[in-house]
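Reproduced below: start-v3.txt, with compact mmCIF, N, CA, C and O atoms.
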```txt
# COMPACT_ATOMS: atom_id res chain seq x y z
N MET A 1 1.77 4.32 -14.13
CA MET A 1 1.65 2.88 -13.94
C MET A 1 1.82 2.52 -12.47
O MET A 1 2.66 3.10 -11.78
N LEU A 2 1.03 1.59 -12.03
CA LEU A 2 1.16 1.10 -10.66
C LEU A 2 2.33 0.13 -10.57
O LEU A 2 2.72 -0.50 -11.56
N ALA A 3 2.88 -0.02 -9.39
CA ALA A 3 3.97 -0.96 -9.17
C ALA A 3 3.50 -2.39 -9.39
O ALA A 3 2.31 -2.70 -9.26
N ASP A 4 4.43 -3.27 -9.69
CA ASP A 4 4.15 -4.68 -9.91
C ASP A 4 3.62 -5.32 -8.62
O ASP A 4 4.27 -5.23 -7.58
N PRO A 5 2.43 -5.96 -8.67
CA PRO A 5 1.86 -6.58 -7.47
C PRO A 5 2.79 -7.62 -6.83
O PRO A 5 2.87 -7.72 -5.61
N GLY A 6 3.50 -8.38 -7.64
CA GLY A 6 4.42 -9.37 -7.09
C GLY A 6 5.55 -8.72 -6.31
O GLY A 6 5.91 -9.18 -5.22
N ALA A 7 6.09 -7.64 -6.85
CA ALA A 7 7.14 -6.90 -6.15
C ALA A 7 6.58 -6.29 -4.86
O ALA A 7 7.25 -6.29 -3.82
N ASN A 8 5.36 -5.79 -4.92
CA ASN A 8 4.73 -5.23 -3.72
C ASN A 8 4.56 -6.29 -2.65
O ASN A 8 4.77 -6.03 -1.47
N ARG A 9 4.18 -7.49 -3.04
CA ARG A 9 3.98 -8.56 -2.05
C ARG A 9 5.30 -8.98 -1.41
O ARG A 9 5.35 -9.33 -0.23
N ARG A 10 6.39 -8.92 -2.17
CA ARG A 10 7.71 -9.18 -1.58
C ARG A 10 8.06 -8.09 -0.56
O ARG A 10 8.59 -8.38 0.51
N ARG A 11 7.74 -6.86 -0.90
CA ARG A 11 7.99 -5.76 0.03
C ARG A 11 7.12 -5.89 1.28
O ARG A 11 7.55 -5.57 2.39
N ILE A 12 5.89 -6.34 1.10
CA ILE A 12 5.00 -6.55 2.25
C ILE A 12 5.59 -7.62 3.17
O ILE A 12 5.59 -7.46 4.39
N ALA A 13 6.10 -8.69 2.60
CA ALA A 13 6.72 -9.75 3.40
C ALA A 13 7.90 -9.20 4.19
O ALA A 13 8.10 -9.54 5.36
N GLU A 14 8.69 -8.33 3.57
CA GLU A 14 9.81 -7.70 4.26
C GLU A 14 9.31 -6.81 5.41
O GLU A 14 9.88 -6.83 6.51
N ALA A 15 8.26 -6.06 5.17
CA ALA A 15 7.69 -5.18 6.20
C ALA A 15 7.15 -6.00 7.37
O ALA A 15 7.33 -5.63 8.53
N VAL A 16 6.51 -7.11 7.07
CA VAL A 16 5.96 -7.98 8.11
C VAL A 16 7.10 -8.56 8.96
O VAL A 16 7.02 -8.59 10.19
N ALA A 17 8.17 -8.98 8.32
CA ALA A 17 9.32 -9.52 9.06
C ALA A 17 9.90 -8.47 9.99
O ALA A 17 10.23 -8.76 11.15
N LEU A 18 10.02 -7.24 9.51
CA LEU A 18 10.53 -6.16 10.36
C LEU A 18 9.56 -5.84 11.49
O LEU A 18 9.98 -5.61 12.63
N ALA A 19 8.27 -5.84 11.20
CA ALA A 19 7.27 -5.52 12.22
C ALA A 19 7.25 -6.57 13.32
O ALA A 19 7.07 -6.24 14.50
N ARG A 20 7.46 -7.81 12.96
CA ARG A 20 7.47 -8.89 13.97
C ARG A 20 8.60 -8.69 14.98
O ARG A 20 8.48 -9.09 16.14
N ASP A 21 9.70 -8.11 14.55
CA ASP A 21 10.85 -7.91 15.42
C ASP A 21 10.87 -6.53 16.06
O ASP A 21 11.87 -6.13 16.64
N SER A 22 9.79 -5.77 15.93
CA SER A 22 9.74 -4.40 16.42
C SER A 22 8.69 -4.24 17.51
O SER A 22 7.72 -4.98 17.57
N ASP A 23 8.90 -3.24 18.35
CA ASP A 23 7.90 -2.90 19.36
C ASP A 23 6.79 -2.04 18.78
O ASP A 23 5.66 -2.08 19.24
N VAL A 24 7.12 -1.25 17.77
CA VAL A 24 6.16 -0.33 17.15
C VAL A 24 6.38 -0.36 15.64
O VAL A 24 7.51 -0.42 15.17
N ALA A 25 5.29 -0.32 14.90
CA ALA A 25 5.38 -0.23 13.44
C ALA A 25 4.55 0.97 12.99
O ALA A 25 3.40 1.12 13.39
N VAL A 26 5.15 1.80 12.18
CA VAL A 26 4.46 2.95 11.60
C VAL A 26 4.31 2.68 10.11
O VAL A 26 5.30 2.48 9.41
N VAL A 27 3.08 2.63 9.64
CA VAL A 27 2.81 2.35 8.24
C VAL A 27 2.20 3.60 7.62
O VAL A 27 1.19 4.11 8.10
N VAL A 28 2.82 4.08 6.58
CA VAL A 28 2.35 5.28 5.89
C VAL A 28 1.88 4.87 4.50
O VAL A 28 2.64 4.27 3.74
N VAL A 29 0.63 5.17 4.19
CA VAL A 29 0.06 4.80 2.90
C VAL A 29 -0.65 5.99 2.27
O VAL A 29 -0.87 7.00 2.93
N GLY A 30 -1.01 5.86 1.03
CA GLY A 30 -1.77 6.92 0.37
C GLY A 30 -1.44 7.01 -1.11
O GLY A 30 -0.78 6.13 -1.67
N ASP A 31 -1.89 8.06 -1.70
CA ASP A 31 -1.70 8.30 -3.12
C ASP A 31 -0.58 9.29 -3.36
O ASP A 31 -0.08 9.92 -2.45
N ASN A 32 -0.20 9.42 -4.61
CA ASN A 32 0.70 10.48 -5.03
C ASN A 32 0.00 11.25 -6.16
O ASN A 32 -1.14 10.96 -6.49
N GLU A 33 0.66 12.20 -6.72
CA GLU A 33 -0.03 13.03 -7.71
C GLU A 33 -0.42 12.26 -8.97
O GLU A 33 -1.34 12.66 -9.67
N GLN A 34 0.23 11.14 -9.25
CA GLN A 34 -0.16 10.38 -10.42
C GLN A 34 -1.40 9.51 -10.20
O GLN A 34 -2.08 9.16 -11.15
N THR A 35 -1.68 9.16 -8.97
CA THR A 35 -2.85 8.30 -8.72
C THR A 35 -4.03 9.05 -8.13
O THR A 35 -5.13 8.53 -8.12
N ALA A 36 -3.84 10.27 -7.64
CA ALA A 36 -4.90 10.96 -6.92
C ALA A 36 -5.59 12.07 -7.70
O ALA A 36 -6.65 12.50 -7.32
N ARG A 37 -5.00 12.54 -8.76
CA ARG A 37 -5.58 13.68 -9.47
C ARG A 37 -6.60 13.25 -10.51
O ARG A 37 -6.64 12.12 -10.95
N GLU A 38 -7.37 14.21 -10.91
CA GLU A 38 -8.30 13.99 -12.01
C GLU A 38 -7.49 13.66 -13.26
O GLU A 38 -6.30 13.97 -13.34
N ALA A 39 -8.08 13.08 -14.23
CA ALA A 39 -7.38 12.67 -15.44
C ALA A 39 -7.05 13.88 -16.31
O ALA A 39 -7.61 14.09 -17.35
N TYR A 40 -6.08 14.65 -15.85
CA TYR A 40 -5.72 15.87 -16.58
C TYR A 40 -4.59 15.64 -17.58
O TYR A 40 -4.28 16.51 -18.36
N ALA A 41 -3.96 14.48 -17.54
CA ALA A 41 -2.89 14.17 -18.48
C ALA A 41 -2.89 12.67 -18.73
O ALA A 41 -3.39 11.88 -17.93
N GLU A 42 -2.32 12.24 -19.83
CA GLU A 42 -2.33 10.82 -20.20
C GLU A 42 -1.58 9.94 -19.20
O GLU A 42 -1.90 8.77 -19.06
N ASN A 43 -0.57 10.47 -18.52
CA ASN A 43 0.21 9.64 -17.59
C ASN A 43 -0.37 9.61 -16.18
O ASN A 43 0.26 9.11 -15.26
N HIS A 44 -1.56 10.13 -15.98
CA HIS A 44 -2.23 10.10 -14.68
C HIS A 44 -3.44 9.17 -14.76
O HIS A 44 -4.15 9.17 -15.75
N LEU A 45 -3.64 8.42 -13.70
CA LEU A 45 -4.74 7.45 -13.70
C LEU A 45 -6.10 8.11 -13.69
O LEU A 45 -7.07 7.57 -14.17
N GLY A 46 -6.19 9.28 -13.09
CA GLY A 46 -7.44 10.03 -13.12
C GLY A 46 -8.49 9.52 -12.16
O GLY A 46 -8.18 8.94 -11.13
N ASP A 47 -9.74 9.79 -12.50
CA ASP A 47 -10.86 9.45 -11.63
C ASP A 47 -10.88 7.97 -11.30
O ASP A 47 -10.59 7.13 -12.14
N ARG A 48 -11.26 7.68 -10.07
CA ARG A 48 -11.40 6.29 -9.65
C ARG A 48 -12.82 6.10 -9.15
O ARG A 48 -13.42 7.01 -8.59
N PRO A 49 -13.36 4.90 -9.27
CA PRO A 49 -14.74 4.66 -8.86
C PRO A 49 -14.92 4.51 -7.35
O PRO A 49 -16.03 4.44 -6.86
N GLU A 50 -13.81 4.44 -6.59
CA GLU A 50 -13.90 4.25 -5.14
C GLU A 50 -12.72 4.94 -4.46
O GLU A 50 -11.76 5.33 -5.11
N LEU A 51 -12.80 5.07 -3.15
CA LEU A 51 -11.76 5.77 -2.40
C LEU A 51 -10.81 4.82 -1.68
O LEU A 51 -10.05 5.24 -0.82
N ARG A 52 -10.83 3.56 -2.02
CA ARG A 52 -9.93 2.60 -1.39
C ARG A 52 -8.49 2.91 -1.77
O ARG A 52 -8.22 3.57 -2.76
N LEU A 53 -7.57 2.39 -0.99
CA LEU A 53 -6.16 2.59 -1.28
C LEU A 53 -5.77 1.89 -2.57
O LEU A 53 -6.29 0.82 -2.90
N VAL A 54 -4.83 2.47 -3.27
CA VAL A 54 -4.37 1.95 -4.56
C VAL A 54 -3.40 0.79 -4.34
O VAL A 54 -2.64 0.77 -3.37
N GLY A 55 -3.40 -0.15 -5.27
CA GLY A 55 -2.44 -1.25 -5.24
C GLY A 55 -2.65 -2.17 -4.05
O GLY A 55 -3.77 -2.44 -3.64
N GLU A 56 -1.55 -2.62 -3.49
CA GLU A 56 -1.60 -3.58 -2.39
C GLU A 56 -1.44 -2.91 -1.03
O GLU A 56 -1.03 -3.54 -0.05
N GLN A 57 -1.78 -1.63 -0.92
CA GLN A 57 -1.59 -0.90 0.33
C GLN A 57 -2.46 -1.45 1.46
O GLN A 57 -2.00 -1.56 2.60
N GLU A 58 -3.70 -1.80 1.17
CA GLU A 58 -4.55 -2.39 2.22
C GLU A 58 -3.98 -3.71 2.69
O GLU A 58 -4.01 -4.02 3.88
N GLU A 59 -3.44 -4.48 1.77
CA GLU A 59 -2.81 -5.76 2.12
C GLU A 59 -1.63 -5.51 3.07
O GLU A 59 -1.43 -6.25 4.04
N LEU A 60 -0.85 -4.48 2.80
CA LEU A 60 0.27 -4.11 3.66
C LEU A 60 -0.22 -3.78 5.07
O LEU A 60 0.30 -4.30 6.06
N VAL A 61 -1.21 -2.91 5.16
CA VAL A 61 -1.72 -2.49 6.47
C VAL A 61 -2.25 -3.69 7.25
O VAL A 61 -1.92 -3.87 8.42
N ARG A 62 -3.02 -4.52 6.61
CA ARG A 62 -3.59 -5.70 7.30
C ARG A 62 -2.50 -6.66 7.76
O ARG A 62 -2.55 -7.21 8.86
N ALA A 63 -1.50 -6.87 6.91
CA ALA A 63 -0.42 -7.80 7.25
C ALA A 63 0.39 -7.30 8.44
O ALA A 63 0.73 -8.08 9.34
N VAL A 64 0.68 -6.00 8.47
CA VAL A 64 1.43 -5.46 9.60
C VAL A 64 0.56 -5.48 10.87
O VAL A 64 1.05 -5.82 11.95
N LEU A 65 -0.71 -5.15 10.74
CA LEU A 65 -1.61 -5.22 11.90
C LEU A 65 -1.69 -6.63 12.46
O LEU A 65 -1.76 -6.82 13.68
N ASP A 66 -1.69 -7.62 11.60
CA ASP A 66 -1.74 -9.02 12.06
C ASP A 66 -0.54 -9.39 12.93
O ASP A 66 -0.65 -10.27 13.76
N THR A 67 0.59 -8.74 12.73
CA THR A 67 1.76 -9.05 13.56
C THR A 67 1.51 -8.66 15.01
O THR A 67 2.02 -9.30 15.91
N ALA A 68 0.72 -7.61 15.23
CA ALA A 68 0.43 -7.17 16.60
C ALA A 68 -0.46 -8.17 17.31
O ALA A 68 -0.27 -8.47 18.49
N SER A 69 -1.44 -8.73 16.62
CA SER A 69 -2.36 -9.67 17.27
C SER A 69 -1.64 -10.97 17.63
O SER A 69 -2.05 -11.66 18.56
N ARG A 70 -0.60 -11.31 16.95
CA ARG A 70 0.14 -12.53 17.25
C ARG A 70 1.07 -12.35 18.45
O ARG A 70 1.52 -13.30 19.03
N ARG A 71 1.37 -11.10 18.79
CA ARG A 71 2.27 -10.84 19.91
C ARG A 71 1.53 -10.80 21.24
O ARG A 71 2.12 -10.91 22.27
N CYS A 72 0.22 -10.58 21.20
CA CYS A 72 -0.56 -10.42 22.44
C CYS A 72 -0.88 -11.75 23.07
O CYS A 72 -0.97 -12.75 22.52
```
Whole structure, structure tokens version:
Amino acid sequence: MLADPGANRRRIAEAVALARDSDVAVVVVGDNEQTAREAYAENHLGDRPELRLVGEQEELVRAVLDTASRRC
């Protein structure tokens, strides 16, 4: 199961607040074995129709990147 989108958005807001007060932000995103593997077991999401990041990860990356443009 993917994490709750509402909880993810709260975490994104926390990351953005930290990034605003930082000189550098390192954002690490990607899949884990439950979201990236072929559907070899019932508890794995299996094949996906696209290679985009799972969940709200793109939203996280964009939000943190936006903090840099506001500082310039």
Practice prompt. Find the distance between atom CA of Val64 of chain A and atom C of Ser22 of chain A and write it in Å to one decimal.
Written response: 10.8 Å
Please provide the set of residues having any atom within 9 Å of Ala13 of chain A, restricted to only C-alpha atoms, with same-chain residues fewer than 4 positions apart removed, written as a compact mmCIF listing (two decimals) with N, CA, C and O atoms, in the coordinates of the input.
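The file below, around_4.txt, is the result:
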```txt
# COMPACT_ATOMS: atom_id res chain seq x y z
N ASN A 8 5.36 -5.79 -4.92
CA ASN A 8 4.73 -5.23 -3.72
C ASN A 8 4.56 -6.29 -2.65
O ASN A 8 4.77 -6.03 -1.47
N ARG A 9 4.18 -7.49 -3.04
CA ARG A 9 3.98 -8.56 -2.05
C ARG A 9 5.30 -8.98 -1.41
O ARG A 9 5.35 -9.33 -0.23
N ALA A 17 8.17 -8.98 8.32
CA ALA A 17 9.32 -9.52 9.06
C ALA A 17 9.90 -8.47 9.99
O ALA A 17 10.23 -8.76 11.15
N LEU A 18 10.02 -7.24 9.51
CA LEU A 18 10.53 -6.16 10.36
C LEU A 18 9.56 -5.84 11.49
O LEU A 18 9.98 -5.61 12.63
N LEU A 60 -0.85 -4.48 2.80
CA LEU A 60 0.27 -4.11 3.66
C LEU A 60 -0.22 -3.78 5.07
O LEU A 60 0.30 -4.30 6.06
N ALA A 63 -1.50 -6.87 6.91
CA ALA A 63 -0.42 -7.80 7.25
C ALA A 63 0.39 -7.30 8.44
O ALA A 63 0.73 -8.08 9.34
```
Fill in: Protein and nucleic acid residues near (5.7, -4.3, 17.4) (cut-off 8 Å, all atoms listed in the file) as JSON, numbers by chain
{"A": [18, 19, 20, 21, 22, 23, 24, 25, 64, 67, 68, 71]}
For the selection you just gave me, I'd like the residues written to a file as a PDB file, keeping the file's coordinate frame, keeping N, CA, C and O atoms.
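Okay, out09.pdb is ready:
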```
ATOM      1  N   LEU A  18      10.020  -7.240   9.510  1.00  0.00           N
ATOM      2  CA  LEU A  18      10.530  -6.160  10.360  1.00  0.00           C
ATOM      3  C   LEU A  18       9.560  -5.840  11.490  1.00  0.00           C
ATOM      4  O   LEU A  18       9.980  -5.610  12.630  1.00  0.00           O
ATOM      5  N   ALA A  19       8.270  -5.840  11.200  1.00  0.00           N
ATOM      6  CA  ALA A  19       7.270  -5.520  12.220  1.00  0.00           C
ATOM      7  C   ALA A  19       7.250  -6.570  13.320  1.00  0.00           C
ATOM      8  O   ALA A  19       7.070  -6.240  14.500  1.00  0.00           O
ATOM      9  N   ARG A  20       7.460  -7.810  12.960  1.00  0.00           N
ATOM     10  CA  ARG A  20       7.470  -8.890  13.970  1.00  0.00           C
ATOM     11  C   ARG A  20       8.600  -8.690  14.980  1.00  0.00           C
ATOM     12  O   ARG A  20       8.480  -9.090  16.140  1.00  0.00           O
ATOM     13  N   ASP A  21       9.700  -8.110  14.550  1.00  0.00           N
ATOM     14  CA  ASP A  21      10.850  -7.910  15.420  1.00  0.00           C
ATOM     15  C   ASP A  21      10.870  -6.530  16.060  1.00  0.00           C
ATOM     16  O   ASP A  21      11.870  -6.130  16.640  1.00  0.00           O
ATOM     17  N   SER A  22       9.790  -5.770  15.930  1.00  0.00           N
ATOM     18  CA  SER A  22       9.740  -4.400  16.420  1.00  0.00           C
ATOM     19  C   SER A  22       8.690  -4.240  17.510  1.00  0.00           C
ATOM     20  O   SER A  22       7.720  -4.980  17.570  1.00  0.00           O
ATOM     21  N   ASP A  23       8.900  -3.240  18.350  1.00  0.00           N
ATOM     22  CA  ASP A  23       7.900  -2.900  19.360  1.00  0.00           C
ATOM     23  C   ASP A  23       6.790  -2.040  18.780  1.00  0.00           C
ATOM     24  O   ASP A  23       5.660  -2.080  19.240  1.00  0.00           O
ATOM     25  N   VAL A  24       7.120  -1.250  17.770  1.00  0.00           N
ATOM     26  CA  VAL A  24       6.160  -0.330  17.150  1.00  0.00           C
ATOM     27  C   VAL A  24       6.380  -0.360  15.640  1.00  0.00           C
ATOM     28  O   VAL A  24       7.510  -0.420  15.170  1.00  0.00           O
ATOM     29  N   ALA A  25       5.290  -0.320  14.900  1.00  0.00           N
ATOM     30  CA  ALA A  25       5.380  -0.230  13.440  1.00  0.00           C
ATOM     31  C   ALA A  25       4.550   0.970  12.990  1.00  0.00           C
ATOM     32  O   ALA A  25       3.400   1.120  13.390  1.00  0.00           O
ATOM     33  N   VAL A  64       0.680  -6.000   8.470  1.00  0.00           N
ATOM     34  CA  VAL A  64       1.430  -5.460   9.600  1.00  0.00           C
ATOM     35  C   VAL A  64       0.560  -5.480  10.870  1.00  0.00           C
ATOM     36  O   VAL A  64       1.050  -5.820  11.950  1.00  0.00           O
ATOM     37  N   THR A  67       0.590  -8.740  12.730  1.00  0.00           N
ATOM     38  CA  THR A  67       1.760  -9.050  13.560  1.00  0.00           C
ATOM     39  C   THR A  67       1.510  -8.660  15.010  1.00  0.00           C
ATOM     40  O   THR A  67       2.020  -9.300  15.910  1.00  0.00           O
ATOM     41  N   ALA A  68       0.720  -7.610  15.230  1.00  0.00           N
ATOM     42  CA  ALA A  68       0.430  -7.170  16.600  1.00  0.00           C
ATOM     43  C   ALA A  68      -0.460  -8.170  17.310  1.00  0.00           C
ATOM     44  O   ALA A  68      -0.270  -8.470  18.490  1.00  0.00           O
ATOM     45  N   ARG A  71       1.370 -11.100  18.790  1.00  0.00           N
ATOM     46  CA  ARG A  71       2.270 -10.840  19.910  1.00  0.00           C
ATOM     47  C   ARG A  71       1.530 -10.800  21.240  1.00  0.00           C
ATOM     48  O   ARG A  71       2.120 -10.910  22.270  1.00  0.00           O
TER      49      ARG A  71
END
```
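As for atom CA of Val26 of chain A and atom CA of Asp4 of chain A, they are spaced 22.8 Å apart.
The coordinates place atom N of Val61 of chain A at 8.5 Å from atom C of Ile12 of chain A.
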Discussion item. Applying 12 Å and only C-alpha atoms, which residues near Arg52 of chain A remain after dropping the ones on its own chain fewer than 5 positions away? List them as a PyMOL selection string.
Written reply: chain A and resi 29-31+35-36+57-59
Please give the centre and size of the box around segment 8-13 of chain A (axis-aligned, containing every atom listed in the file, 5 Å added per side), with values in Å to one decimal and written as AutoDock Vina command-line options.
```
--center_x 6.3 --center_y -7.5 --center_z 0.2 --size_x 14.6 --size_y 14.5 --size_z 20.3
```
